[in-house]
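Asks: Pasting structure15.tsv below, which is TSV, C-alpha atoms.
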chain	number	residue	atom	x	y	z
W	286	MET	CA	-5.14	7.46	-5.39
W	287	ASN	CA	-3.94	4.33	-3.65
W	288	PRO	CA	-0.73	5.24	-1.83
W	289	SER	CA	0.43	1.64	-1.79
W	290	THR	CA	0.75	1.61	-5.59
W	291	THR	CA	2.00	5.13	-6.13
W	292	ALA	CA	5.66	4.22	-6.16
W	293	ALA	CA	5.11	1.65	-8.89
W	294	THR	CA	3.05	3.89	-11.19
W	295	SER	CA	4.88	7.22	-10.84
W	296	PRO	CA	7.58	8.24	-13.34
W	297	PRO	CA	10.99	6.74	-12.55
W	298	VAL	CA	12.95	9.32	-10.59
W	299	PHE	CA	16.31	9.12	-8.88
W	300	PRO	CA	15.24	10.99	-5.74
W	301	PHE	CA	18.51	12.71	-4.90
W	302	GLU	CA	19.51	13.23	-8.53
W	303	LEU	CA	16.66	15.70	-8.85
W	304	VAL	CA	18.36	17.97	-6.30
W	305	ARG	CA	21.96	16.98	-7.05
W	306	THR	CA	23.08	20.51	-7.92
W	307	GLU	CA	21.40	21.92	-4.82
W	308	LEU	CA	22.97	19.20	-2.67
W	309	GLU	CA	26.37	20.09	-4.06
W	310	THR	CA	25.73	23.67	-2.96
W	311	ILE	CA	24.75	22.47	0.50
W	312	GLU	CA	27.80	20.20	0.64
W	313	ALA	CA	30.04	23.19	-0.08
W	314	ALA	CA	28.20	25.19	2.58
W	315	ILE	CA	28.70	22.41	5.15
W	316	GLN	CA	32.42	22.28	4.39
W	317	ALA	CA	32.55	26.08	4.61
W	318	GLN	CA	31.22	25.86	8.16
W	319	ALA	CA	34.43	24.08	9.16
W	320	ARG	CA	36.38	27.15	8.11
W	321	SER	CA	34.38	29.30	10.51
W	322	PHE	CA	36.01	27.56	13.48
W	323	GLU	CA	39.39	28.25	15.00
W	324	PRO	CA	42.26	26.90	12.83
W	325	GLY	CA	43.06	24.30	15.49
W	326	ILE	CA	39.52	22.91	15.28
W	327	GLU	CA	38.83	23.25	11.56
W	328	GLY	CA	40.51	19.97	10.60
W	329	TYR	CA	38.43	17.93	13.04
W	330	VAL	CA	35.17	19.50	11.89
W	331	SER	CA	36.09	19.10	8.24
W	332	TYR	CA	36.88	15.42	8.72
W	333	VAL	CA	33.60	14.45	10.35
W	334	CYS	CA	31.62	16.54	7.87
W	335	LYS	CA	33.20	14.65	4.99
W	336	SER	CA	32.84	11.20	6.54
W	337	SER	CA	29.33	11.41	7.98
W	338	GLY	CA	25.92	10.82	6.48
W	339	LYS	CA	24.22	10.50	3.11
W	340	ARG	CA	22.73	14.03	3.24
W	341	ILE	CA	19.22	12.59	3.51
W	342	ARG	CA	17.92	15.44	5.67
W	343	PRO	CA	19.07	18.22	3.33
W	344	ALA	CA	17.61	16.30	0.39
W	345	LEU	CA	14.26	16.04	2.19
W	346	ALA	CA	14.27	19.78	2.89
W	347	LEU	CA	15.04	20.55	-0.76
W	348	LEU	CA	12.51	18.11	-2.21
W	349	THR	CA	9.76	19.24	0.15
W	350	GLY	CA	10.55	22.86	-0.61
W	351	GLY	CA	10.36	22.14	-4.33
W	352	ALA	CA	7.09	20.24	-3.93
W	353	THR	CA	5.44	23.07	-1.97
W	354	GLY	CA	6.34	26.17	-3.94
W	355	GLY	CA	10.06	26.33	-4.57
W	356	VAL	CA	13.48	26.15	-2.91
W	357	THR	CA	14.88	29.29	-1.30
W	358	ASP	CA	18.09	30.15	0.52
W	359	ASP	CA	16.22	29.44	3.75
W	360	HIS	CA	15.63	25.85	2.62
W	361	ARG	CA	19.32	25.46	1.85
W	362	LYS	CA	20.22	26.86	5.26
W	363	LEU	CA	17.76	24.43	6.86
W	364	GLY	CA	19.51	21.55	5.11
W	365	VAL	CA	22.92	22.68	6.39
W	366	ILE	CA	21.70	23.14	9.96
W	367	LEU	CA	19.93	19.79	10.20
W	368	GLU	CA	22.91	17.99	8.71
W	369	LEU	CA	25.25	19.57	11.27
W	370	VAL	CA	22.95	18.42	14.07
W	371	HIS	CA	22.92	14.94	12.53
W	372	ILE	CA	26.71	14.85	12.22
W	373	ALA	CA	27.07	15.92	15.85
W	374	SER	CA	24.76	13.08	16.92
W	375	LEU	CA	26.78	10.57	14.87
W	376	VAL	CA	30.01	11.65	16.54
W	377	HIS	CA	28.43	10.99	19.93
W	378	ASP	CA	26.77	7.75	18.79
W	379	ASP	CA	30.08	6.32	17.64
W	380	ILE	CA	31.60	7.03	21.05
W	381	MET	CA	28.80	5.26	22.89
W	382	ASP	CA	28.75	2.32	20.47
W	383	GLY	CA	32.50	1.91	20.37
W	384	ALA	CA	32.29	2.02	16.57
W	385	ASP	CA	35.53	2.10	14.60
W	386	LEU	CA	34.16	2.83	11.12
W	387	ARG	CA	31.76	5.35	9.64
W	388	ARG	CA	31.29	5.26	5.85
W	389	SER	CA	34.39	3.05	5.61
W	390	LEU	CA	36.55	5.64	7.40
W	391	PRO	CA	37.77	5.66	11.00
W	392	THR	CA	35.34	7.39	13.34
W	393	ALA	CA	36.38	10.52	15.19
W	394	ALA	CA	36.63	8.48	18.40
W	395	ALA	CA	38.83	5.89	16.70
W	396	LYS	CA	41.15	8.61	15.38
W	397	TRP	CA	41.33	11.03	18.30
W	398	GLY	CA	39.79	9.37	21.33
W	399	ASN	CA	36.55	9.84	23.22
W	400	SER	CA	37.39	13.04	25.10
W	401	LEU	CA	38.08	15.12	22.02
W	402	SER	CA	35.18	13.54	20.14
W	403	VAL	CA	32.65	14.44	22.86
W	404	LEU	CA	33.72	18.06	22.61
W	405	LEU	CA	33.66	17.92	18.82
W	406	GLY	CA	30.05	16.76	18.86
W	407	ASP	CA	29.19	19.48	21.38
W	408	VAL	CA	30.70	22.25	19.29
W	409	LEU	CA	28.82	21.06	16.20
W	410	PHE	CA	25.51	21.09	18.08
W	411	ALA	CA	26.20	24.60	19.36
W	412	HIS	CA	27.22	25.85	15.93
W	413	ALA	CA	24.08	24.45	14.31
W	414	LEU	CA	21.85	26.17	16.86
W	415	GLU	CA	23.72	29.43	16.34
W	416	LEU	CA	22.97	29.21	12.61
W	417	ALA	CA	19.33	28.46	13.38
W	418	SER	CA	19.08	31.68	15.40
W	419	GLU	CA	19.61	33.65	12.17
W	420	TYR	CA	16.07	32.93	10.93
W	421	ASP	CA	13.75	35.93	11.17
W	422	ASN	CA	10.92	33.57	12.12
W	423	ASN	CA	11.64	32.52	15.70
W	424	ALA	CA	9.28	29.56	15.31
W	425	ILE	CA	11.75	28.00	12.88
W	426	SER	CA	14.63	28.42	15.33
W	427	ARG	CA	12.60	26.97	18.19
W	428	ALA	CA	11.51	23.98	16.10
W	429	ILE	CA	15.12	23.19	15.17
W	430	ALA	CA	16.13	23.49	18.82
W	431	ARG	CA	13.30	21.13	19.84
W	432	ALA	CA	14.31	18.59	17.20
W	433	SER	CA	17.93	18.78	18.40
W	434	ARG	CA	16.78	18.29	21.98
W	435	ASP	CA	14.67	15.30	20.93
W	436	VAL	CA	17.65	13.69	19.21
W	437	CYS	CA	19.72	13.92	22.39
W	438	ALA	CA	16.83	12.97	24.70
W	439	GLY	CA	16.00	9.95	22.56
W	440	GLU	CA	19.60	8.77	22.75
W	441	ILE	CA	19.57	9.22	26.53
W	442	LEU	CA	16.42	7.13	26.82
W	443	HIS	CA	17.84	4.44	24.55
W	444	THR	CA	21.03	4.37	26.61
W	445	GLN	CA	19.01	4.29	29.83
W	446	ARG	CA	17.05	1.27	28.59
W	447	ARG	CA	20.06	-0.76	27.45
W	448	TYR	CA	19.94	-4.36	28.68
W	449	ASP	CA	16.32	-3.79	29.76
W	450	LEU	CA	14.32	-6.84	28.74
W	451	ASN	CA	11.15	-5.06	29.88
W	452	LEU	CA	11.42	-2.44	27.13
W	453	SER	CA	8.14	-2.46	25.22
W	454	VAL	CA	7.68	-2.00	21.49
W	455	PRO	CA	5.76	1.30	22.00
W	456	ASP	CA	8.60	2.59	24.20
W	457	TYR	CA	11.14	1.61	21.57
W	458	LEU	CA	9.16	3.32	18.80
W	459	LYS	CA	8.92	6.51	20.86
W	460	ILE	CA	12.68	6.45	21.40
W	461	ILE	CA	13.55	6.09	17.71
W	462	GLU	CA	10.95	8.70	16.77
W	463	MET	CA	12.92	11.10	18.95
W	464	LYS	CA	16.49	10.10	18.16
W	465	THR	CA	16.15	9.56	14.40
W	466	ALA	CA	12.79	10.59	12.98
W	467	ALA	CA	12.77	14.03	14.65
W	468	LEU	CA	15.29	15.43	12.16
W	469	PHE	CA	13.51	13.85	9.17
W	470	ALA	CA	10.28	15.44	10.37
W	471	ALA	CA	11.98	18.80	10.95
W	472	ALA	CA	13.27	18.76	7.36
W	473	THR	CA	9.89	18.07	5.75
W	474	HIS	CA	7.77	20.08	8.18
W	475	LEU	CA	9.93	23.20	8.29
W	476	ALA	CA	10.44	23.18	4.52
W	477	ALA	CA	6.65	23.45	4.24
W	478	VAL	CA	6.52	26.14	6.93
W	479	LEU	CA	9.11	28.20	5.02
W	480	ASN	CA	6.77	28.11	2.00
W	481	ASP	CA	3.74	29.16	4.09
W	482	CYS	CA	1.84	25.95	3.36
W	483	PRO	CA	-1.57	25.49	5.00
W	484	PRO	CA	-1.37	23.93	8.49
W	485	ALA	CA	-2.93	20.66	7.31
W	486	MET	CA	-0.22	20.27	4.67
W	487	GLN	CA	2.49	21.14	7.20
W	488	ASP	CA	1.15	18.42	9.50
W	489	ALA	CA	0.96	15.85	6.69
W	490	LEU	CA	4.54	16.52	5.65
W	491	ARG	CA	5.70	16.34	9.24
W	492	ASN	CA	4.01	12.93	9.51
W	493	TYR	CA	5.73	11.85	6.29
W	494	GLY	CA	9.10	12.72	7.80
W	495	LEU	CA	8.32	10.97	11.08
W	496	ARG	CA	7.23	7.79	9.34
W	497	LEU	CA	10.11	7.80	6.90
W	498	GLY	CA	12.62	8.40	9.70
W	499	THR	CA	11.14	5.67	11.89
W	500	ALA	CA	11.19	3.17	9.02
W	501	TYR	CA	14.77	4.16	8.24
W	502	GLN	CA	15.85	3.47	11.82
W	503	ILE	CA	14.13	0.08	11.80
W	504	TYR	CA	16.00	-0.71	8.58
W	505	ASP	CA	19.25	0.33	10.27
W	506	ASP	CA	18.40	-1.92	13.23
W	507	CYS	CA	17.80	-4.88	10.92
W	508	LEU	CA	20.99	-4.10	9.01
W	509	ASP	CA	22.95	-4.22	12.28
W	510	LEU	CA	21.71	-7.77	12.80
W	511	VAL	CA	21.97	-9.25	9.32
W	512	GLY	CA	24.02	-6.83	7.21
W	513	ASP	CA	27.49	-7.15	5.76
W	514	GLU	CA	29.98	-4.75	7.31
W	515	ALA	CA	32.00	-4.30	4.12
W	516	SER	CA	28.91	-3.34	2.14
W	517	ALA	CA	27.45	-1.17	4.90
W	518	GLY	CA	30.71	0.77	5.31
W	519	LYS	CA	30.36	0.98	9.08
W	520	THR	CA	30.79	-1.14	12.18
W	521	LEU	CA	27.88	-3.57	12.64
W	522	ARG	CA	26.69	-5.86	15.46
W	523	THR	CA	27.15	-3.01	17.93
W	524	ASP	CA	23.49	-2.83	19.03
W	525	LEU	CA	23.44	-6.28	20.63
W	526	ALA	CA	26.97	-5.99	21.96
W	527	LYS	CA	26.00	-2.78	23.76
W	528	GLY	CA	22.64	-4.06	24.95
W	529	LYS	CA	20.49	-1.93	22.63
W	530	LEU	CA	17.16	-3.70	22.26
W	531	THR	CA	15.90	-2.88	18.77
W	532	LEU	CA	12.61	-3.84	17.14
W	533	PRO	CA	13.74	-7.19	15.66
W	534	VAL	CA	15.35	-8.10	18.99
W	535	LEU	CA	12.19	-7.18	20.92
W	536	TYR	CA	10.16	-9.37	18.56
W	537	LEU	CA	12.74	-12.09	19.02
W	538	LEU	CA	12.49	-11.96	22.80
W	539	GLU	CA	8.73	-12.40	22.56
W	540	LYS	CA	9.44	-15.90	21.18
W	541	ALA	CA	12.33	-16.79	23.49
W	542	THR	CA	11.92	-19.71	25.87
W	543	ASP	CA	11.89	-19.15	29.61
W	544	HIS	CA	15.36	-20.73	29.80
W	545	GLN	CA	16.72	-18.32	27.20
W	546	LYS	CA	15.20	-15.32	28.98
W	547	THR	CA	16.56	-16.49	32.32
W	548	LYS	CA	20.03	-16.81	30.83
W	549	LEU	CA	19.81	-13.31	29.39
W	550	ASN	CA	18.57	-11.89	32.68
W	551	ARG	CA	21.48	-13.50	34.52
W	552	MET	CA	23.90	-11.89	32.09
W	553	LEU	CA	22.27	-8.51	32.68
W	554	LEU	CA	22.48	-8.86	36.46
W	555	ASN	CA	26.18	-9.68	36.14
W	556	GLY	CA	26.72	-6.67	33.88
W	557	GLU	CA	27.92	-8.85	31.03
W	558	PRO	CA	27.59	-7.85	27.34
W	559	MET	CA	24.63	-9.28	25.45
W	560	ASP	CA	25.52	-12.72	24.08
W	561	THR	CA	24.52	-12.51	20.42
W	562	SER	CA	24.85	-16.27	19.94
W	563	ILE	CA	22.00	-16.84	22.40
W	564	LEU	CA	19.73	-14.52	20.47
W	565	ALA	CA	20.71	-16.02	17.13
W	566	GLY	CA	19.86	-19.44	18.51
W	567	ILE	CA	16.23	-18.57	19.25
W	568	ALA	CA	13.99	-20.45	16.85
W	569	ASP	CA	12.10	-17.43	15.56
W	570	TYR	CA	15.20	-15.41	14.61
W	571	GLU	CA	14.21	-15.13	10.94
W	572	GLY	CA	10.61	-14.40	11.84
W	573	ALA	CA	11.61	-11.51	14.10
W	574	VAL	CA	13.46	-9.76	11.29
W	575	GLU	CA	10.51	-10.43	8.98
W	576	ARG	CA	8.08	-8.82	11.45
W	577	ALA	CA	10.30	-5.75	11.82
W	578	VAL	CA	10.64	-5.41	8.06
W	579	THR	CA	6.88	-5.71	7.59
W	580	PHE	CA	6.25	-3.09	10.27
W	581	ALA	CA	8.63	-0.65	8.56
W	582	LYS	CA	7.16	-1.31	5.10
W	583	ASN	CA	3.65	-0.62	6.39
W	584	MET	CA	4.92	2.66	7.83
W	585	LEU	CA	6.39	3.58	4.45
W	586	ASN	CA	3.03	2.92	2.83
W	587	ASP	CA	1.43	5.31	5.31
W	588	ALA	CA	4.13	7.88	4.52
W	589	ARG	CA	3.20	7.73	0.84
W	590	GLY	CA	-0.35	8.47	1.86
W	591	ASP	CA	0.81	11.66	3.60
W	592	LEU	CA	1.87	13.03	0.18
W	593	ILE	CA	-1.53	12.73	-1.51
W	594	GLY	CA	-2.30	16.44	-1.01
W	595	LEU	CA	0.74	17.55	-2.99
W	596	GLY	CA	0.57	18.34	-6.70
W	597	ASP	CA	2.01	15.96	-9.27
W	598	THR	CA	5.45	17.52	-9.33
W	599	PRO	CA	8.80	15.77	-9.92
W	600	GLN	CA	9.66	16.54	-6.29
W	601	ARG	CA	6.57	14.75	-5.01
W	602	PHE	CA	7.41	11.70	-7.11
W	603	ALA	CA	10.95	11.84	-5.73
W	604	LEU	CA	9.64	11.85	-2.16
W	605	ILE	CA	7.58	8.78	-3.05
W	606	GLU	CA	10.59	7.17	-4.67
W	607	ILE	CA	12.60	7.56	-1.47
W	608	THR	CA	10.08	5.34	0.28
W	609	ALA	CA	10.29	2.83	-2.59
W	610	TYR	CA	14.09	2.75	-2.33
W	611	LEU	CA	13.91	2.09	1.40
W	612	ASP	CA	11.34	-0.62	0.67
W	613	LYS	CA	13.94	-2.38	-1.48
W	614	LEU	CA	16.62	-2.09	1.21
W	615	LEU	CA	14.24	-3.65	3.72
W	616	ASP	CA	13.57	-6.49	1.29
W	617	LYS	CA	17.32	-7.18	1.17
W	618	CYS	CA	17.40	-7.46	4.97
W	619	ARG	CA	14.53	-9.92	4.83
W	620	ALA	CA	16.26	-11.95	2.15
W	621	VAL	CA	19.44	-12.49	4.16
W	622	ALA	CA	17.82	-12.96	7.58
Using the file provided, produce a representation of the structure as structure tokens.
Replies:
Amino acid sequence: MNPSTTAATSPPVFPFELVRTELETIEAAIQAQARSFEPGIEGYVSYVCKSSGKRIRPALALLTGGATGGVTDDHRKLGVILELVHIASLVHDDIMDGADLRRSLPTAAAKWGNSLSVLLGDVLFAHALELASEYDNNAISRAIARASRDVCAGEILHTQRRYDLNLSVPDYLKIIEMKTAALFAAATHLAAVLNDCPPAMQDALRNYGLRLGTAYQIYDDCLDLVGDEASAGKTLRTDLAKGKLTLPVLYLLEKATDHQKTKLNRMLLNGEPMDTSILAGIADYEGAVERAVTFAKNMLNDARGDLIGLGDTPQRFALIEITAYLDKLLDKCRAVA
């Protein structure tokens, strides 16, 4: 089987529609978690749980579980836990990025300020890890804790390297593997572990999650540069404004003239925000987005190859279709660059 053509030849599947009922169950479970907090906190938790995320990580856990033997209550719990970790990270991300919108709604920081929002993210992280401790298999709990640590560590590294024109592409890829792809990989890998899949299959599904998550972050980076804020439903152009050097920007800097690099370096030394007009004026602006899109699409092709060992189930086709959907989103970024 040629993984590059799988998405085109497999039966048409709406990836999340296949697990829509299960996702509704998980959604209810996520909202129920808000009610487990003190009454004075419940409203805050409920708000961010309703306004954050597309439930990609729970869907990956459900689809992988279905593709490897069947979905159990442990898979549903995994989806809830990983989504709570993700929501906590979004609350913190919005603070650091100064973002006002998340899914077309005011962010927690915009509504209640940074101080309360920091604590809100903290309490969500802690609650998710408490739920993870309920697994009988300690290896599952430890893996969730490691993924949560990687998310935070990756964000620290990305923050540490803001305004750093010496950031390399490999360093950037390692950062986004930690801060974004770690939870994708935890969803697919641990779903396979819960079904006692052979180690080789567990590894392949972990790789699928890593590659999918990395490609998704690159798409998000391209969207921040060229996307439409109204369509995206969130604040854009924050990466450059906050000095976050993403893959298209790193490719762009490779083509910048010495004068342009000197000007950027002077801005960094003066502690000034990144001037997006300078970057947009570099001749290879369109080519940088194209290179980033191509890199992500190649990674998605590799992710499809990680699924070859699975049987021809609807869930496997749905996992393939997720990569095809992201392919199309990347094509849109390329078209408007």
Asks: Considering all atoms listed in the file, return as a PDB file with C-alpha atoms, keeping the file's coordinate frame whatever protein or nucleic-acid residues lie within 8 Å of range 530-543 of chain W, sequence-local ones (same chain, fewer than 3 positions apart) excluded.
Replies:
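Final output, saved to around.pdb:
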ATOM      1  CA  ARG W 447      20.060  -0.760  27.450  1.00  0.00           C
ATOM      2  CA  TYR W 448      19.940  -4.360  28.680  1.00  0.00           C
ATOM      3  CA  ASP W 449      16.320  -3.790  29.760  1.00  0.00           C
ATOM      4  CA  LEU W 450      14.320  -6.840  28.740  1.00  0.00           C
ATOM      5  CA  LEU W 452      11.420  -2.440  27.130  1.00  0.00           C
ATOM      6  CA  SER W 453       8.140  -2.460  25.220  1.00  0.00           C
ATOM      7  CA  VAL W 454       7.680  -2.000  21.490  1.00  0.00           C
ATOM      8  CA  TYR W 457      11.140   1.610  21.570  1.00  0.00           C
ATOM      9  CA  ILE W 503      14.130   0.080  11.800  1.00  0.00           C
ATOM     10  CA  ASP W 506      18.400  -1.920  13.230  1.00  0.00           C
ATOM     11  CA  CYS W 507      17.800  -4.880  10.920  1.00  0.00           C
ATOM     12  CA  ASP W 524      23.490  -2.830  19.030  1.00  0.00           C
ATOM     13  CA  LEU W 525      23.440  -6.280  20.630  1.00  0.00           C
ATOM     14  CA  LYS W 546      15.200 -15.320  28.980  1.00  0.00           C
ATOM     15  CA  THR W 547      16.560 -16.490  32.320  1.00  0.00           C
ATOM     16  CA  LEU W 564      19.730 -14.520  20.470  1.00  0.00           C
ATOM     17  CA  ILE W 567      16.230 -18.570  19.250  1.00  0.00           C
ATOM     18  CA  ALA W 568      13.990 -20.450  16.850  1.00  0.00           C
ATOM     19  CA  ASP W 569      12.100 -17.430  15.560  1.00  0.00           C
ATOM     20  CA  TYR W 570      15.200 -15.410  14.610  1.00  0.00           C
ATOM     21  CA  GLY W 572      10.610 -14.400  11.840  1.00  0.00           C
ATOM     22  CA  ALA W 573      11.610 -11.510  14.100  1.00  0.00           C
ATOM     23  CA  VAL W 574      13.460  -9.760  11.290  1.00  0.00           C
ATOM     24  CA  ARG W 576       8.080  -8.820  11.450  1.00  0.00           C
ATOM     25  CA  ALA W 577      10.300  -5.750  11.820  1.00  0.00           C
TER      26      ALA W 577
END
Asks: Tell me which protein, DNA and RNA residues are within 9 Å of Asp481 in chain W, counting only C-alpha atoms, leaving out same-chain ones fewer than 6 positions away, and put them as a list in words.
Replies: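 Close residues of Asp481 in chain W: Thr353, Gly354 and Gln487 of chain W.
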Asks: What's the separation between CA of Ala432 in chain W and CA of Lys464 in chain W, in Å to one decimal place?
Replies: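 Interatomic distance here is 8.8 Å.
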Asks: What's the separation between CA of Tyr332 in chain W and CA of Thr465 in chain W, in Å to one decimal place?
Replies: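 About the pair CA of Tyr332 in chain W and CA of Thr465 in chain W: they are 22.3 Å apart.
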Asks: Got a sec: who's within 10 Å of range 397-399 of chain W, counting all atoms listed in the file, leaving out chain neighbours fewer than 3 positions off, as a ChimeraX atom specification?
Replies: /W:329,376-377,379-381,383,391-394,402-405
Asks: Quick check, in Å to one decimal: how far apart do CA of Ala413 in chain W and CA of Ile366 in chain W lie?
Replies: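 We find that CA of Ala413 in chain W and CA of Ile366 in chain W lie 5.1 Å from each other.
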Asks: Give me, as a tab-separated table, each residue of range 432-480 of chain W that comes within 12 Å of range 590-614 of chain W, together with its shortest interatomic pair and the distance in Å at one decimal, counting only C-alpha atoms, with rows ordered by chain and rising residue number.
Replies:
residue	atom	partner	partner_atom	distance
W:Thr473	CA	W:Leu604	CA	10.1
W:His474	CA	W:Asp591	CA	11.8
W:Ala477	CA	W:Leu595	CA	11.0
